[in-house]
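So this one's entry-v9.csv, CSV, C-alpha atoms:
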chain,number,residue,atom,x,y,z
A,1,MET,CA,-87.8,188.5,-87.2
A,2,ARG,CA,-89.7,191.2,-89.1
A,3,ASN,CA,-90.7,190.9,-92.7
A,4,THR,CA,-87.9,192.3,-94.7
A,5,PRO,CA,-87.8,193.1,-98.4
A,6,SER,CA,-87.4,189.9,-100.5
A,7,THR,CA,-84.7,191.6,-102.6
A,8,PRO,CA,-82.2,193.9,-101.0
A,9,PRO,CA,-81.9,197.5,-102.1
A,10,GLN,CA,-79.5,197.8,-105.1
A,11,ASP,CA,-77.9,201.2,-104.5
A,12,PHE,CA,-77.1,203.7,-101.8
A,13,ASP,CA,-80.2,205.8,-102.3
A,14,ALA,CA,-82.5,202.7,-101.9
A,15,TRP,CA,-80.6,201.6,-98.8
A,16,SER,CA,-80.8,205.1,-97.4
A,17,ALA,CA,-84.6,205.3,-98.1
A,18,LEU,CA,-85.1,201.9,-96.3
A,19,ALA,CA,-83.1,203.0,-93.3
A,20,ARG,CA,-85.2,206.2,-93.0
A,21,SER,CA,-88.5,204.6,-93.6
A,22,ASP,CA,-88.0,201.4,-91.6
A,23,PRO,CA,-84.8,201.2,-89.6
A,24,GLN,CA,-85.5,197.7,-88.3
A,25,ALA,CA,-86.2,196.3,-91.8
A,26,PHE,CA,-82.9,198.0,-92.8
A,27,GLU,CA,-81.0,196.2,-90.0
A,28,ASP,CA,-82.7,192.9,-90.7
A,29,CYS,CA,-81.9,193.1,-94.5
A,30,ARG,CA,-78.3,194.1,-93.7
A,31,ASP,CA,-77.9,191.2,-91.3
A,32,ARG,CA,-79.3,188.8,-93.8
A,33,ILE,CA,-77.0,189.9,-96.6
A,34,ILE,CA,-73.9,189.8,-94.3
A,35,ASN,CA,-74.8,186.3,-93.1
A,36,GLU,CA,-75.3,185.1,-96.7
A,37,ALA,CA,-71.9,186.5,-97.7
A,38,ILE,CA,-70.3,184.7,-94.8
A,39,LEU,CA,-71.9,181.5,-95.8
A,40,ARG,CA,-70.5,181.9,-99.3
A,41,ALA,CA,-67.0,182.1,-97.9
A,42,PRO,CA,-64.9,178.9,-97.5
A,43,ALA,CA,-65.9,177.0,-94.4
A,44,HIS,CA,-62.5,177.4,-92.8
A,45,LYS,CA,-62.8,181.2,-92.9
A,46,GLN,CA,-66.4,181.5,-91.7
A,47,GLN,CA,-65.7,181.6,-88.0
A,48,ARG,CA,-63.1,184.3,-88.4
A,49,LEU,CA,-65.6,186.3,-90.5
A,50,ARG,CA,-68.3,185.9,-87.9
A,51,ARG,CA,-65.9,187.1,-85.2
A,52,MET,CA,-65.0,190.1,-87.3
A,53,GLN,CA,-68.6,190.9,-88.0
A,54,TRP,CA,-69.4,190.6,-84.2
A,55,LYS,CA,-66.6,193.1,-83.5
A,56,LEU,CA,-67.9,195.6,-86.2
A,57,ASN,CA,-71.4,195.2,-84.7
A,58,GLN,CA,-70.1,196.0,-81.2
A,59,ILE,CA,-68.4,199.1,-82.6
A,60,ARG,CA,-71.7,200.2,-84.1
A,61,LYS,CA,-73.5,199.6,-80.8
A,62,THR,CA,-71.0,201.3,-78.6
A,63,SER,CA,-70.4,204.4,-80.7
A,64,ARG,CA,-72.4,207.6,-80.0
A,65,THR,CA,-72.9,208.4,-83.6
A,66,PRO,CA,-72.6,206.6,-87.0
A,67,MET,CA,-69.7,208.9,-87.9
A,68,ILE,CA,-67.8,207.8,-84.8
A,69,ALA,CA,-68.5,204.2,-85.6
A,70,CYS,CA,-67.2,204.8,-89.1
A,71,LEU,CA,-64.0,206.4,-87.8
A,72,ARG,CA,-63.4,203.6,-85.4
A,73,MET,CA,-63.9,201.0,-88.1
A,74,ASN,CA,-61.6,202.9,-90.4
A,75,ARG,CA,-58.9,203.0,-87.7
A,76,MET,CA,-59.3,199.2,-87.2
A,77,LEU,CA,-58.9,198.7,-91.0
A,78,TRP,CA,-55.7,200.8,-91.2
A,79,GLU,CA,-54.3,199.0,-88.1
A,80,SER,CA,-54.8,195.7,-89.9
A,81,VAL,CA,-52.8,197.1,-92.9
A,82,ILE,CA,-50.1,199.2,-91.4
A,83,GLY,CA,-50.0,198.1,-87.7
A,84,ASP,CA,-47.2,196.0,-86.1
A,85,LYS,CA,-49.0,192.8,-87.1
A,86,GLY,CA,-50.5,194.2,-90.3
A,87,LEU,CA,-50.4,193.2,-93.9
A,88,LEU,CA,-47.6,195.7,-94.8
A,89,ASN,CA,-45.3,194.4,-92.1
A,90,CYS,CA,-46.0,190.8,-93.2
A,91,LEU,CA,-45.2,191.6,-96.8
A,92,LEU,CA,-42.0,193.5,-95.9
A,93,HIS,CA,-40.7,191.1,-93.3
A,94,PRO,CA,-42.3,187.7,-94.1
A,95,ASN,CA,-39.8,185.7,-91.9
A,96,ASP,CA,-40.7,187.7,-88.9
A,97,THR,CA,-44.4,187.1,-89.2
A,98,LEU,CA,-44.5,183.4,-90.1
A,99,ARG,CA,-46.2,181.2,-87.5
A,100,PHE,CA,-43.3,178.9,-87.4
A,101,PRO,CA,-39.6,179.6,-86.9
A,102,ALA,CA,-37.5,180.0,-90.0
A,103,ALA,CA,-35.2,177.0,-90.9
A,104,ARG,CA,-32.1,178.9,-89.7
A,105,ASP,CA,-33.6,179.4,-86.2
A,106,LYS,CA,-32.5,176.9,-83.5
A,107,PRO,CA,-34.9,175.6,-81.0
A,108,SER,CA,-34.7,177.6,-77.7
A,109,ALA,CA,-35.3,174.6,-75.5
A,110,LYS,CA,-33.7,171.2,-75.1
A,111,ILE,CA,-36.1,168.4,-76.1
A,112,ILE,CA,-36.2,165.5,-73.6
A,113,PRO,CA,-37.6,162.2,-74.9
A,114,PHE,CA,-40.6,160.9,-73.0
A,115,GLU,CA,-40.0,157.4,-71.6

Structure rendered as structure tokens:
Amino acid sequence: MRNTPSTPPQDFDAWSALARSDPQAFEDCRDRIINEAILRAPAHKQQRLRRMQWKLNQIRKTSRTPMIACLRMNRMLWESVIGDKGLLNCLLHPNDTLRFPAARDKPSAKIIPFE
């Protein structure tokens, strides 16, 4: 790993200057800060955060331009809010989105005891 700044840039202009002057140091610093943020999250959420970050990194890698990557990530964000399985649907129809059937639902199969 390359030698990255000991303290990350504090504002957009500093990040932008680092990206222009040393793109690899920018990426290394960015990765370090993201990993530190994931490690500060509760342990039971870290795997999901790592998967999400992997997905975002793949979008960045497979997009022709940074603007296309930004648009694709924005679409992914809005899908998680207003899509079929999104936050809005969960808030409007909580019984439809629970992981377990509501108390009023009957099992759809006959349970046979194991002997």

Would you mind reading off the distance between atom CA of A:Arg48 and atom CA of A:Arg72, one decimal, in Å?
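Here the two named atoms are 19.5 Å from each other.
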
Which value, in Å to one decimal, gives the distance between atom CA of A:Leu39 and atom CA of A:Asp11?
22.4 Å

Using only C-alpha atoms, find the one residue out of A:Gln53, A:Ser16, A:Pro8, A:Leu71 that sits nearest to A:Cys29.
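When distances to A:Cys29 are compared using only C-alpha atoms, the smallest one comes from A:Pro8.
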
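Nearest residue to A:Asn35 among A:Cys70, A:Leu49, A:Met76, A:Ile59 is A:Leu49, counting all atoms listed in the file.
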
At what distance in Å, to one decimal, does atom CA of A:Arg75 lie from atom CA of A:Gln58?
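According to the coordinates, atom CA of A:Gln58 and atom CA of A:Arg75 are separated by 14.7 Å.
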
Residues at most 12 Å from A:Leu88, counting only C-alpha atoms, excluding those fewer than 6 positions away in the same chain, as a PyMOL selection string?
chain A and resi 78-82+94+97
